[in-house]
Each structure stands twice: as C-alpha cells, then as structure tokens.
>>> print(open('protein-v4.cif').read())   # mmCIF, C-alpha atoms
data_input
#
loop_
_atom_site.group_PDB
_atom_site.id
_atom_site.type_symbol
_atom_site.label_atom_id
_atom_site.label_comp_id
_atom_site.auth_asym_id
_atom_site.auth_seq_id
_atom_site.Cartn_x
_atom_site.Cartn_y
_atom_site.Cartn_z
ATOM 1 C CA MET A 25 0.000 0.000 0.000
ATOM 2 C CA SER A 26 2.833 2.357 0.887
ATOM 3 C CA THR A 27 4.634 1.436 -2.325
ATOM 4 C CA SER A 28 1.532 2.297 -4.339
ATOM 5 C CA VAL A 29 1.235 5.624 -2.591
ATOM 6 C CA THR A 30 4.905 6.360 -3.196
ATOM 7 C CA LYS A 31 4.604 5.627 -6.910
ATOM 8 C CA GLN A 32 1.560 7.838 -7.111
ATOM 9 C CA GLU A 33 3.403 10.657 -5.368
ATOM 10 C CA VAL A 34 6.380 10.257 -7.692
ATOM 11 C CA SER A 35 4.090 10.287 -10.736
ATOM 12 C CA THR A 36 2.324 13.395 -9.467
ATOM 13 C CA LEU A 37 5.643 15.112 -8.795
ATOM 14 C CA LEU A 38 6.987 14.291 -12.264
ATOM 15 C CA SER A 39 3.818 15.452 -13.969
ATOM 16 C CA SER A 40 3.816 18.715 -12.014
ATOM 17 C CA ARG A 41 7.442 19.346 -12.972
ATOM 18 C CA ARG A 42 6.678 18.589 -16.609
ATOM 19 C CA ARG A 43 3.681 20.912 -16.480
ATOM 20 C CA GLY A 44 5.799 23.624 -14.881
ATOM 21 C CA ARG A 45 8.376 23.334 -17.666
ATOM 22 C CA LEU A 46 5.671 23.605 -20.308
ATOM 23 C CA GLU A 47 4.164 26.644 -18.602
ATOM 24 C CA SER A 48 7.546 28.387 -18.399
ATOM 25 C CA LEU A 49 8.457 27.571 -22.014
ATOM 26 C CA PRO A 50 6.517 30.511 -23.542
ATOM 27 C CA TYR A 51 8.301 32.948 -21.236
ATOM 28 C CA LEU A 52 11.678 31.502 -22.216
ATOM 29 C CA LEU A 53 10.809 31.880 -25.885
ATOM 30 C CA VAL A 54 9.838 35.517 -25.327
ATOM 31 C CA LEU A 55 13.083 36.391 -23.521
ATOM 32 C CA PRO A 56 15.226 36.999 -26.662
ATOM 33 C CA SER A 57 12.616 39.357 -28.108
ATOM 34 C CA LEU A 58 12.231 41.091 -24.748
ATOM 35 C CA ALA A 59 15.997 41.531 -24.487
ATOM 36 C CA LEU A 60 16.116 43.000 -28.001
ATOM 37 C CA ILE A 61 13.290 45.417 -27.226
ATOM 38 C CA CYS A 62 15.076 46.552 -24.071
ATOM 39 C CA LEU A 63 18.253 47.068 -26.077
ATOM 40 C CA ILE A 64 16.707 49.171 -28.850
ATOM 41 C CA GLU A 65 13.945 50.899 -26.840
ATOM 42 C CA LEU A 66 14.682 51.004 -23.122
ATOM 43 C CA TYR A 67 18.401 51.777 -23.315
ATOM 44 C CA PRO A 68 18.028 54.859 -25.591
ATOM 45 C CA PHE A 69 15.079 56.016 -23.460
ATOM 46 C CA VAL A 70 17.050 55.828 -20.202
ATOM 47 C CA THR A 71 20.141 57.344 -21.837
ATOM 48 C CA GLY A 72 18.124 60.215 -23.292
ATOM 49 C CA PHE A 73 16.521 60.967 -19.940
ATOM 50 C CA TYR A 74 19.969 60.915 -18.319
ATOM 51 C CA TYR A 75 21.215 63.465 -20.876
ATOM 52 C CA SER A 76 18.206 65.703 -20.151
ATOM 53 C CA LEU A 77 19.422 65.994 -16.558
ATOM 54 C CA LYS A 78 22.827 67.297 -17.622
ATOM 55 C CA SER A 79 24.085 70.453 -19.320
ATOM 56 C CA GLY A 80 26.057 68.661 -22.007
ATOM 57 C CA SER A 81 26.791 68.823 -25.717
ATOM 58 C CA LEU A 82 27.250 66.254 -28.453
ATOM 59 C CA LEU A 83 30.881 65.774 -27.375
ATOM 60 C CA ASN A 84 30.636 66.172 -23.605
ATOM 61 C CA THR A 85 27.829 65.093 -21.258
ATOM 62 C CA GLY A 86 28.504 68.118 -19.024
ATOM 63 C CA GLU A 87 27.521 68.655 -15.431
ATOM 64 C CA PHE A 88 24.497 67.262 -13.637
ATOM 65 C CA VAL A 89 21.775 69.915 -13.319
ATOM 66 C CA GLY A 90 18.832 67.783 -12.264
ATOM 67 C CA LEU A 91 15.521 69.241 -13.385
ATOM 68 C CA GLY A 92 17.187 72.540 -14.259
ATOM 69 C CA ASN A 93 16.737 72.011 -17.998
ATOM 70 C CA TYR A 94 13.031 71.291 -17.551
ATOM 71 C CA ILE A 95 12.529 74.374 -15.388
ATOM 72 C CA ARG A 96 14.470 76.514 -17.833
ATOM 73 C CA LEU A 97 12.187 75.533 -20.716
ATOM 74 C CA TRP A 98 9.212 77.424 -19.306
ATOM 75 C CA SER A 99 11.152 80.694 -19.322
ATOM 76 C CA MET A 100 12.249 80.306 -22.962
ATOM 77 C CA PRO A 101 10.083 82.276 -25.448
ATOM 78 C CA ASP A 102 10.917 79.947 -28.350
ATOM 79 C CA PHE A 103 9.752 76.928 -26.324
ATOM 80 C CA ILE A 104 6.476 78.643 -25.414
ATOM 81 C CA HIS A 105 5.868 79.533 -29.058
ATOM 82 C CA ALA A 106 6.791 76.020 -30.221
ATOM 83 C CA LEU A 107 4.386 74.582 -27.647
ATOM 84 C CA TYR A 108 1.637 76.919 -28.865
ATOM 85 C CA PHE A 109 2.224 76.105 -32.532
ATOM 86 C CA SER A 110 2.420 72.364 -31.799
ATOM 87 C CA ALA A 111 -0.980 72.510 -30.087
ATOM 88 C CA LEU A 112 -2.453 74.614 -32.904
ATOM 89 C CA PHE A 113 -0.924 72.395 -35.572
ATOM 90 C CA ALA A 114 -2.106 69.177 -33.911
ATOM 91 C CA PHE A 115 -5.639 70.461 -33.258
ATOM 92 C CA PHE A 116 -6.354 71.581 -36.809
ATOM 93 C CA ALA A 117 -4.478 68.648 -38.345
ATOM 94 C CA VAL A 118 -6.483 66.110 -36.335
ATOM 95 C CA PHE A 119 -9.944 67.570 -36.776
ATOM 96 C CA GLY A 120 -9.339 68.884 -40.292
ATOM 97 C CA SER A 121 -8.169 65.504 -41.561
ATOM 98 C CA TYR A 122 -10.946 63.774 -39.601
ATOM 99 C CA LEU A 123 -13.702 65.903 -41.119
ATOM 100 C CA VAL A 124 -12.338 65.458 -44.646
ATOM 101 C CA GLY A 125 -11.847 61.725 -44.104
ATOM 102 C CA LEU A 126 -15.300 61.317 -42.571
ATOM 103 C CA GLY A 127 -17.009 63.115 -45.448
ATOM 104 C CA LEU A 128 -15.225 61.002 -48.045
ATOM 105 C CA ALA A 129 -15.811 57.804 -46.063
ATOM 106 C CA LEU A 130 -19.559 58.444 -45.868
ATOM 107 C CA VAL A 131 -19.635 58.831 -49.661
ATOM 108 C CA LEU A 132 -17.293 55.969 -50.569
ATOM 109 C CA ALA A 133 -18.937 53.528 -48.142
ATOM 110 C CA ARG A 134 -22.013 53.594 -50.390
ATOM 111 C CA ASP A 135 -22.468 52.044 -53.803
ATOM 112 C CA VAL A 136 -21.339 55.038 -55.858
ATOM 113 C CA PRO A 137 -19.860 54.781 -59.359
ATOM 114 C CA GLY A 138 -16.084 54.437 -59.382
ATOM 115 C CA LYS A 139 -15.755 54.035 -55.624
ATOM 116 C CA GLY A 140 -12.979 51.453 -56.068
ATOM 117 C CA PHE A 141 -10.934 53.881 -58.156
ATOM 118 C CA PHE A 142 -11.481 56.787 -55.766
ATOM 119 C CA ARG A 143 -10.622 54.680 -52.717
ATOM 120 C CA VAL A 144 -7.231 53.948 -54.265
ATOM 121 C CA ALA A 145 -6.645 57.386 -55.801
ATOM 122 C CA LEU A 146 -7.369 59.208 -52.555
ATOM 123 C CA LEU A 147 -4.654 57.189 -50.807
ATOM 124 C CA ILE A 148 -1.960 58.892 -52.879
ATOM 125 C CA PRO A 149 -1.236 61.697 -50.353
ATOM 126 C CA TRP A 150 -0.633 59.018 -47.695
ATOM 127 C CA ILE A 151 1.423 56.739 -49.942
ATOM 128 C CA ILE A 152 3.785 59.286 -51.511
ATOM 129 C CA PRO A 153 7.013 59.745 -49.491
ATOM 130 C CA SER A 154 6.924 62.935 -47.471
ATOM 131 C CA ILE A 155 10.058 64.386 -49.042
ATOM 132 C CA VAL A 156 8.454 64.088 -52.500
ATOM 133 C CA SER A 157 5.010 65.435 -51.597
ATOM 134 C CA ILE A 158 6.170 68.302 -49.366
ATOM 135 C CA THR A 159 8.894 69.393 -51.784
ATOM 136 C CA SER A 160 6.289 69.407 -54.560
ATOM 137 C CA TRP A 161 4.015 71.581 -52.441
ATOM 138 C CA ARG A 162 6.928 73.916 -51.765
ATOM 139 C CA TRP A 163 7.452 74.385 -55.512
ATOM 140 C CA LEU A 164 3.754 75.097 -55.937
ATOM 141 C CA ILE A 165 3.501 77.843 -53.303
ATOM 142 C CA GLN A 166 7.048 79.111 -52.769
ATOM 143 C CA ASP A 167 6.823 82.550 -54.469
ATOM 144 C CA GLN A 168 4.895 84.656 -56.951
ATOM 145 C CA HIS A 169 6.003 82.352 -59.758
ATOM 146 C CA GLY A 170 4.602 79.226 -58.105
ATOM 147 C CA SER A 171 1.769 77.423 -59.805
ATOM 148 C CA VAL A 172 -0.768 78.398 -57.119
ATOM 149 C CA ASN A 173 -0.032 82.110 -57.509
ATOM 150 C CA VAL A 174 -0.024 81.825 -61.301
ATOM 151 C CA PHE A 175 -3.484 80.246 -61.095
ATOM 152 C CA LEU A 176 -4.751 82.920 -58.687
ATOM 153 C CA LEU A 177 -3.452 85.703 -60.933
ATOM 154 C CA TRP A 178 -5.800 84.477 -63.677
ATOM 155 C CA PHE A 179 -8.644 85.624 -61.406
ATOM 156 C CA GLY A 180 -6.938 88.861 -60.411
ATOM 157 C CA LEU A 181 -5.885 87.566 -56.984
ATOM 158 C CA GLY A 182 -2.505 87.634 -55.315
ATOM 159 C CA PRO A 183 0.307 87.102 -55.394
ATOM 160 C CA TYR A 184 0.356 85.595 -51.919
ATOM 161 C CA TYR A 185 3.698 84.809 -50.295
ATOM 162 C CA PHE A 186 2.686 81.635 -48.521
ATOM 163 C CA LEU A 187 6.125 80.854 -47.123
ATOM 164 C CA SER A 188 7.232 84.419 -46.305
ATOM 165 C CA SER A 189 4.259 85.589 -44.257
ATOM 166 C CA GLU A 190 4.092 84.153 -40.745
ATOM 167 C CA HIS A 191 0.325 83.586 -40.735
ATOM 168 C CA LEU A 192 0.217 82.235 -44.296
ATOM 169 C CA ALA A 193 3.144 79.930 -43.540
ATOM 170 C CA MET A 194 1.339 78.530 -40.504
ATOM 171 C CA LEU A 195 -1.808 78.080 -42.565
ATOM 172 C CA SER A 196 0.139 76.383 -45.367
ATOM 173 C CA VAL A 197 1.826 73.915 -43.018
ATOM 174 C CA ILE A 198 -1.527 72.973 -41.456
ATOM 175 C CA VAL A 199 -3.327 72.579 -44.800
ATOM 176 C CA ILE A 200 -0.558 70.379 -46.213
ATOM 177 C CA LYS A 201 -0.604 68.255 -43.049
ATOM 178 C CA ILE A 202 -4.371 67.783 -43.461
ATOM 179 C CA TRP A 203 -3.813 66.828 -47.108
ATOM 180 C CA ARG A 204 -1.234 64.228 -46.094
ATOM 181 C CA SER A 205 -3.303 62.790 -43.227
ATOM 182 C CA PHE A 206 -6.918 62.546 -44.402
ATOM 183 C CA PRO A 207 -6.413 59.202 -46.280
ATOM 184 C CA PHE A 208 -5.641 57.451 -42.975
ATOM 185 C CA MET A 209 -8.848 58.799 -41.473
ATOM 186 C CA MET A 210 -10.830 57.920 -44.589
ATOM 187 C CA VAL A 211 -9.676 54.294 -44.799
ATOM 188 C CA SER A 212 -10.177 53.669 -41.083
ATOM 189 C CA LEU A 213 -13.660 55.174 -41.113
ATOM 190 C CA ILE A 214 -14.680 53.241 -44.228
ATOM 191 C CA ALA A 215 -13.704 50.045 -42.439
ATOM 192 C CA ALA A 216 -15.736 51.092 -39.390
ATOM 193 C CA LEU A 217 -18.773 52.065 -41.467
ATOM 194 C CA GLN A 218 -18.824 48.704 -43.214
ATOM 195 C CA THR A 219 -19.244 46.911 -39.882
ATOM 196 C CA ILE A 220 -22.566 48.661 -39.136
ATOM 197 C CA ASP A 221 -25.609 46.446 -39.586
ATOM 198 C CA GLN A 222 -27.680 47.803 -42.482
ATOM 199 C CA SER A 223 -30.865 46.767 -40.721
ATOM 200 C CA LEU A 224 -30.268 49.642 -38.280
ATOM 201 C CA TYR A 225 -30.490 52.116 -41.132
ATOM 202 C CA GLU A 226 -33.626 50.410 -42.427
ATOM 203 C CA ALA A 227 -35.213 50.640 -38.980
ATOM 204 C CA ALA A 228 -34.270 54.313 -38.731
ATOM 205 C CA ALA A 229 -35.827 54.988 -42.145
ATOM 206 C CA ILE A 230 -39.039 53.231 -41.117
ATOM 207 C CA ASP A 231 -39.174 55.377 -37.968
ATOM 208 C CA GLY A 232 -38.928 58.469 -40.145
ATOM 209 C CA ALA A 233 -35.422 59.536 -39.102
ATOM 210 C CA GLY A 234 -33.739 62.051 -41.386
ATOM 211 C CA ARG A 235 -30.121 61.981 -42.537
ATOM 212 C CA TRP A 236 -28.809 63.972 -39.572
ATOM 213 C CA ALA A 237 -30.745 61.925 -37.025
ATOM 214 C CA THR A 238 -29.589 58.685 -38.666
ATOM 215 C CA PHE A 239 -25.979 59.859 -38.593
ATOM 216 C CA ARG A 240 -26.247 61.053 -34.992
ATOM 217 C CA TYR A 241 -27.988 58.055 -33.466
ATOM 218 C CA VAL A 242 -26.847 55.187 -35.714
ATOM 219 C CA THR A 243 -23.577 56.009 -37.471
ATOM 220 C CA LEU A 244 -21.811 58.146 -34.890
ATOM 221 C CA PRO A 245 -22.099 55.722 -31.929
ATOM 222 C CA HIS A 246 -20.640 52.911 -34.059
ATOM 223 C CA ILE A 247 -17.603 54.888 -35.183
ATOM 224 C CA LYS A 248 -16.972 56.606 -31.867
ATOM 225 C CA THR A 249 -14.411 54.128 -30.535
ATOM 226 C CA ILE A 250 -12.301 54.022 -33.687
ATOM 227 C CA SER A 251 -12.571 57.826 -33.920
ATOM 228 C CA VAL A 252 -11.059 58.287 -30.466
ATOM 229 C CA VAL A 253 -8.202 55.929 -31.318
ATOM 230 C CA MET A 254 -7.540 57.820 -34.563
ATOM 231 C CA TRP A 255 -7.595 61.169 -32.751
ATOM 232 C CA ILE A 256 -4.973 59.944 -30.288
ATOM 233 C CA LEU A 257 -2.763 58.486 -33.008
ATOM 234 C CA MET A 258 -3.039 61.549 -35.230
ATOM 235 C CA THR A 259 -2.314 63.861 -32.293
ATOM 236 C CA ILE A 260 0.870 61.929 -31.530
ATOM 237 C CA TRP A 261 1.891 61.893 -35.192
ATOM 238 C CA SER A 262 1.162 65.607 -35.589
ATOM 239 C CA VAL A 263 3.121 66.703 -32.523
ATOM 240 C CA ASN A 264 6.011 64.475 -33.647
ATOM 241 C CA ASP A 265 5.791 65.612 -37.266
ATOM 242 C CA PHE A 266 9.233 66.818 -38.283
ATOM 243 C CA ASP A 267 8.904 66.411 -42.054
ATOM 244 C CA THR A 268 6.095 68.858 -42.826
ATOM 245 C CA PRO A 269 7.371 72.039 -41.101
ATOM 246 C CA TRP A 270 11.039 71.317 -41.754
ATOM 247 C CA LEU A 271 10.832 70.466 -45.447
ATOM 248 C CA LEU A 272 8.345 73.269 -46.124
ATOM 249 C CA THR A 273 9.693 76.181 -44.074
ATOM 250 C CA GLN A 274 12.471 74.816 -41.811
ATOM 251 C CA GLY A 275 10.505 76.347 -38.941
ATOM 252 C CA GLY A 276 10.361 79.830 -40.487
ATOM 253 C CA PRO A 277 9.674 82.548 -41.155
ATOM 254 C CA SER A 278 10.943 83.921 -37.831
ATOM 255 C CA ASN A 279 10.326 80.502 -36.226
ATOM 256 C CA ALA A 280 6.572 80.893 -36.843
ATOM 257 C CA THR A 281 6.150 77.253 -37.904
ATOM 258 C CA GLU A 282 8.642 75.766 -35.474
ATOM 259 C CA ASN A 283 7.024 72.990 -33.450
ATOM 260 C CA LEU A 284 8.495 71.143 -30.491
ATOM 261 C CA ILE A 285 10.224 68.417 -32.496
ATOM 262 C CA VAL A 286 11.912 70.969 -34.786
ATOM 263 C CA LEU A 287 12.921 73.014 -31.738
ATOM 264 C CA ALA A 288 14.409 69.910 -30.096
ATOM 265 C CA TYR A 289 16.349 69.182 -33.287
ATOM 266 C CA ARG A 290 17.620 72.775 -33.493
ATOM 267 C CA TYR A 291 18.840 72.832 -29.895
ATOM 268 C CA THR A 292 20.402 69.375 -30.067
ATOM 269 C CA PHE A 293 22.173 69.434 -33.417
ATOM 270 C CA ALA A 294 22.353 73.089 -34.489
ATOM 271 C CA GLY A 295 22.818 74.616 -31.039
ATOM 272 C CA ASN A 296 24.805 71.674 -29.609
ATOM 273 C CA MET A 297 22.719 71.801 -26.403
ATOM 274 C CA VAL A 298 21.815 68.169 -25.853
ATOM 275 C CA GLY A 299 20.410 68.700 -22.370
ATOM 276 C CA ILE A 300 17.834 71.254 -23.525
ATOM 277 C CA GLY A 301 17.012 69.274 -26.666
ATOM 278 C CA THR A 302 16.329 66.037 -24.824
ATOM 279 C CA ALA A 303 14.377 67.905 -22.122
ATOM 280 C CA ILE A 304 12.084 69.254 -24.856
ATOM 281 C CA ALA A 305 11.614 65.731 -26.216
ATOM 282 C CA PHE A 306 10.703 64.277 -22.816
ATOM 283 C CA THR A 307 8.355 67.174 -22.110
ATOM 284 C CA MET A 308 6.583 66.279 -25.354
ATOM 285 C CA LEU A 309 6.352 62.682 -24.174
ATOM 286 C CA VAL A 310 4.730 63.661 -20.869
ATOM 287 C CA ILE A 311 2.247 66.026 -22.539
ATOM 288 C CA LEU A 312 1.190 63.408 -25.107
ATOM 289 C CA ALA A 313 0.885 60.679 -22.467
ATOM 290 C CA VAL A 314 -1.308 62.848 -20.228
ATOM 291 C CA LEU A 315 -3.449 63.934 -23.179
ATOM 292 C CA SER A 316 -3.941 60.341 -24.334
ATOM 293 C CA ILE A 317 -4.937 59.199 -20.837
ATOM 294 C CA LEU A 318 -7.445 62.045 -20.498
ATOM 295 C CA ILE A 319 -9.046 61.255 -23.863
ATOM 296 C CA LEU A 320 -9.302 57.533 -23.061
ATOM 297 C CA ARG A 321 -10.815 58.213 -19.649
ATOM 298 C CA TYR A 322 -13.326 60.586 -21.208
ATOM 299 C CA GLN A 323 -14.323 57.889 -23.669
ATOM 300 C CA GLU A 324 -14.715 55.318 -20.879
ATOM 301 C CA ARG A 325 -16.887 57.720 -18.901
ATOM 302 C CA GLU A 326 -19.057 58.423 -21.942
ATOM 303 C CA ASP A 327 -19.444 54.698 -22.640
#
>>> encode(input="protein-v4.cif", output="structure tokens")
Amino acid sequence: MSTSVTKQEVSTLLSSRRRGRLESLPYLLVLPSLALICLIELYPFVTGFYYSLKSGSLLNTGEFVGLGNYIRLWSMPDFIHALYFSALFAFFAVFGSYLVGLGLALVLARDVPGKGFFRVALLIPWIIPSIVSITSWRWLIQDQHGSVNVFLLWFGLGPYYFLSSEHLAMLSVIVIKIWRSFPFMMVSLIAALQTIDQSLYEAAAIDGAGRWATFRYVTLPHIKTISVVMWILMTIWSVNDFDTPWLLTQGGPSNATENLIVLAYRYTFAGNMVGIGTAIAFTMLVILAVLSILILRYQERED
C-alpha cells in the first residue's frame, strides 16, 4: 500500500514538474525578443533621460543639473511659441483631416460609381514619401512664380507669399498636413462604417429619421471608438511631425512654424545643447501621455 502511494506521489511530482516546464516555455521563448526590445527601446530612453538631466553637448555630457533644464524651458520664449504652434498644428491637423476623411468615407462607403478607383486614388497623399510630396508643395507655393499664384493671378488675386508671411506659412503647413493625413482617417472610417448592420439604417428609415438623425444616433455611436483611437494616433503623429514644417519652411519665417520636435532638433544638433534638446523631447512625451490618458478616460466615462 505504501509502495503504491509512493509511486503515485512520484508520478504526481513528475507530472507537475513537466507541467511547470511547459508553462515556463513561452516565457523563455519571449526572452530573446524582450531583451532585443530593451536594447533598442529602453536603453536609448534611459540614456536620453539621463542626458536631459545634464548640461552637455554632443561631445561632452557636461555637469548634472537635475531638473534645471526642464525648469528653464518654461522661461524660454521659443519653447512657449513652439508649444503653442504644436498645439495649434495638432488640433487643426487632427480635426481637419478627420472631417475630410469622414465626409469622403460616408460617400465611398455607399455604392457610388467608381468608388474602387477613388478609394485607391485618394490614398496617394498618404502613400507618396513625405520628401516628394512636401517638396512638390513647396514648388507650388514658394513665391509669386509658383503654380498656385499663377493660377490665382488668372482671377486677379494675389500674389500671396505663402512661405514668407508668418500667418500664411502657418496656414500652409496645417493645410498640407491635413492633405497628407486625411487618407488614414478615410480608410479607417470606411472600415468602421462597413461593420454597421444595415438593418439599423432600415429601422431608422421606417421610424422616419432624417439623414442627420440617422448619422447622430446610428452612425456616430458605431464609429466613436475608432474615432477616439484615430484622434490619439493623429495627435501623436502631428506633434512628432518633423517632415512637414522642416521640409516646407524649416521652422520659419521667424520661427513661426517651429514645433516642439523641430525646436528639439535645433537645440540638439544646431545649437549643440543636448540637455535642452532632450528635455524638450521628454516634455513632449509627458504632454502626449497625459493627453492620451485624459481622452481615453473621457471615452470610458461616456461609454
């Protein structure tokens, strides 16, 4: 009897060990990928934060100043302006591209002639490399001889110096960002619209709901979740957008179109002030993280 019990205990022990090895196997398989992620993501992150706490350059890490670089930012006029323009740029880029994408998605989600062609053609601003599209826009609007001004002169308008006037330069950067970004909104919203049960629209029509009521009470609730996700993503991409302002105006004129990422680049590589540059970058990170959390919590509360 004791021998039988002993064998049973041994069998149970062996099976538990075998089960433990099988349960730990997935974690062992993940370890190489986790180590690689830490190497290419965590190490630069920690190193960058360390540099933001020092008053160094590209050649010398300098002295430890703690949070001095972060405190100094809020007394710098160019940082305040870059923060203002980044917020303005992100706001209009997000909602401008969303409204354009939503309008096109509502049309192309229906059975309209040539919708397959237009779905592909309207992706071109998103597909074309930024250096090609933005440089092309710069040629179109750069001076009085640009194609846009030549076209406006036919109607007795202009010339308008889109890249020399501060307000027109800001407007141009925002409009081109909307042009580059609306295809992402359009494709995502088309996908969301196609998941809505058509019987809901039929029921709304039977109840006598008009187009606005149908959109408000049927369409909008079904695309709300994906809309919030797109707003967060586009906000992050807009604040981190280096290509559009740099290739179009290089932050000018008079730093009017200089956002936070361009300012960080200028301080780090042109001004050789790595501490200030990395402090700007980490300030951007904190602002975007807080904004994303607030938007997600608002969505959860609304749901």
>>> closest_residue(input="protein-v4.cif", among="A:Val172, A:Val253, A:Met194, A:Leu187", to="Met209 in chain A", atoms="only C-alpha atoms")
A:Val253
>>> closest_residue(input="protein-v4.cif", among="A:Gly234, A:Gly125, A:Pro245, A:Gly276", to="Gln323 in chain A", atoms="only C-alpha atoms")
A:Pro245
>>> atom_distance(input="protein-v4.cif", atom1="CA of Ala228 in chain A", atom2="CA of Ser121 in chain A")
28.5 Å
>>> resolve_selection(input="protein-v4.cif", expression="the PyMOL selection byres ((chain A and resi 126) around 12)", output="ChimeraX atom specification")
/A:118-125,127-133,206-217,239,243-244,247-248,250-251,254
>>> closest_residue(input="protein-v4.cif", among="A:Val298, A:Leu66, A:Val314, A:Ile200", to="Asn84 in chain A", atoms="all atoms listed in the file")
A:Val298
>>> closest_residue(input="protein-v4.cif", among="A:Ile104, A:Met308, A:Leu284, A:Ile319", to="Trp270 in chain A", atoms="only C-alpha atoms")
A:Leu284
>>> closest_residue(input="protein-v4.cif", among="A:Pro183, A:Gly232, A:Pro153, A:Pro269", to="Ile165 in chain A", atoms="all atoms listed in the file")
A:Pro183
>>> atom_distance(input="protein-v4.cif", atom1="CA of Asn296 in chain A", atom2="CA of Ser81 in chain A")
5.2 Å
>>> resolve_selection(input="protein-v4.cif", expression="the PyMOL selection byres ((chain A and resi 72) around 10)", output="PyMOL selection string")
chain A and resi 66-71+73-77+298-299+301-303+305-306
>>> closest_residue(input="protein-v4.cif", among="A:Ser157, A:Leu53, A:Tyr185, A:Asn93", to="His169 in chain A", atoms="all atoms listed in the file")
A:Tyr185
>>> atom_distance(input="protein-v4.cif", atom1="CA of Gly275 in chain A", atom2="CA of Gly86 in chain A")
28.1 Å
>>> resolve_selection(input="protein-v4.cif", expression="the PyMOL selection byres ((chain A and resi 281) around 8)", output="NGL selection string")
:A and (106 or 109 or 190 or 193-194 or 197 or 269 or 273-277 or 279-280 or 282-283)
>>> residues_around(input="protein-v4.cif", residues="Tyr322 in chain A", least_positions_apart="6", cutoff="12 Å", atoms="all atoms listed in the file", output="PyMOL selection string")
chain A and resi 248-249+252+315-316
>>> write_last_selection(input="protein-v4.cif", atoms="C-alpha atoms", output="PDB file, keeping the file's coordinate frame")
ATOM      1  CA  LYS A 248     -16.972  56.606 -31.867  1.00  0.00           C
ATOM      2  CA  THR A 249     -14.411  54.128 -30.535  1.00  0.00           C
ATOM      3  CA  VAL A 252     -11.059  58.287 -30.466  1.00  0.00           C
ATOM      4  CA  LEU A 315      -3.449  63.934 -23.179  1.00  0.00           C
ATOM      5  CA  SER A 316      -3.941  60.341 -24.334  1.00  0.00           C
TER       6      SER A 316
END
>>> axis_aligned_box(input="protein-v4.cif", around="range 89-105 of chain A", padding_each_side="5 Å", output="JSON")
{"center_x": 13.8, "center_y": 75.0, "center_z": -20.7, "size_x": 25.9, "size_y": 24.5, "size_z": 26.8}
>>> build_atoms(input="protein-v4.cif", residues="range 233-239 of chain A", atoms="all heavy atoms", output="CSV table (one decimal), in the frame of the given file")
chain,number,residue,atom,x,y,z
A,233,ALA,N,-36.6,58.8,-39.4
A,233,ALA,CA,-35.4,59.5,-39.1
A,233,ALA,C,-34.8,60.1,-40.4
A,233,ALA,O,-34.7,59.5,-41.4
A,233,ALA,CB,-34.4,58.7,-38.4
A,234,GLY,N,-34.4,61.4,-40.3
A,234,GLY,CA,-33.7,62.1,-41.4
A,234,GLY,C,-32.3,61.7,-41.4
A,234,GLY,O,-31.8,60.9,-40.6
A,235,ARG,N,-31.5,62.3,-42.4
A,235,ARG,CA,-30.1,62.0,-42.5
A,235,ARG,C,-29.3,62.4,-41.3
A,235,ARG,O,-28.5,61.6,-40.8
A,235,ARG,CB,-29.6,62.7,-43.8
A,235,ARG,CG,-30.1,62.2,-45.1
A,235,ARG,CD,-29.4,62.9,-46.3
A,235,ARG,NE,-29.9,62.3,-47.5
A,235,ARG,CZ,-29.5,62.7,-48.7
A,235,ARG,NH1,-28.6,63.7,-48.8
A,235,ARG,NH2,-29.9,62.2,-49.8
A,236,TRP,N,-29.6,63.5,-40.7
A,236,TRP,CA,-28.8,64.0,-39.6
A,236,TRP,C,-29.1,63.1,-38.4
A,236,TRP,O,-28.2,62.7,-37.6
A,236,TRP,CB,-29.1,65.4,-39.3
A,236,TRP,CG,-28.6,65.9,-37.9
A,236,TRP,CD1,-29.3,66.2,-36.8
A,236,TRP,CD2,-27.2,65.9,-37.5
A,236,TRP,NE1,-28.5,66.5,-35.8
A,236,TRP,CE2,-27.1,66.4,-36.2
A,236,TRP,CE3,-26.0,65.7,-38.2
A,236,TRP,CZ2,-26.0,66.5,-35.5
A,236,TRP,CZ3,-24.8,65.8,-37.5
A,236,TRP,CH2,-24.8,66.3,-36.2
A,237,ALA,N,-30.4,62.8,-38.2
A,237,ALA,CA,-30.7,61.9,-37.0
A,237,ALA,C,-30.1,60.5,-37.2
A,237,ALA,O,-29.7,59.9,-36.2
A,237,ALA,CB,-32.3,61.8,-36.9
A,238,THR,N,-30.2,60.0,-38.4
A,238,THR,CA,-29.6,58.7,-38.7
A,238,THR,C,-28.1,58.7,-38.4
A,238,THR,O,-27.5,57.8,-37.8
A,238,THR,CB,-29.8,58.3,-40.1
A,238,THR,OG1,-31.2,58.2,-40.4
A,238,THR,CG2,-29.3,56.9,-40.4
A,239,PHE,N,-27.4,59.8,-38.8
A,239,PHE,CA,-26.0,59.9,-38.6
A,239,PHE,C,-25.7,60.0,-37.1
A,239,PHE,O,-24.8,59.4,-36.6
A,239,PHE,CB,-25.4,61.1,-39.4
A,239,PHE,CG,-24.0,61.3,-39.0
A,239,PHE,CD1,-23.0,60.6,-39.6
A,239,PHE,CD2,-23.6,62.4,-38.2
A,239,PHE,CE1,-21.6,60.8,-39.3
A,239,PHE,CE2,-22.3,62.6,-37.9
A,239,PHE,CZ,-21.3,61.8,-38.5
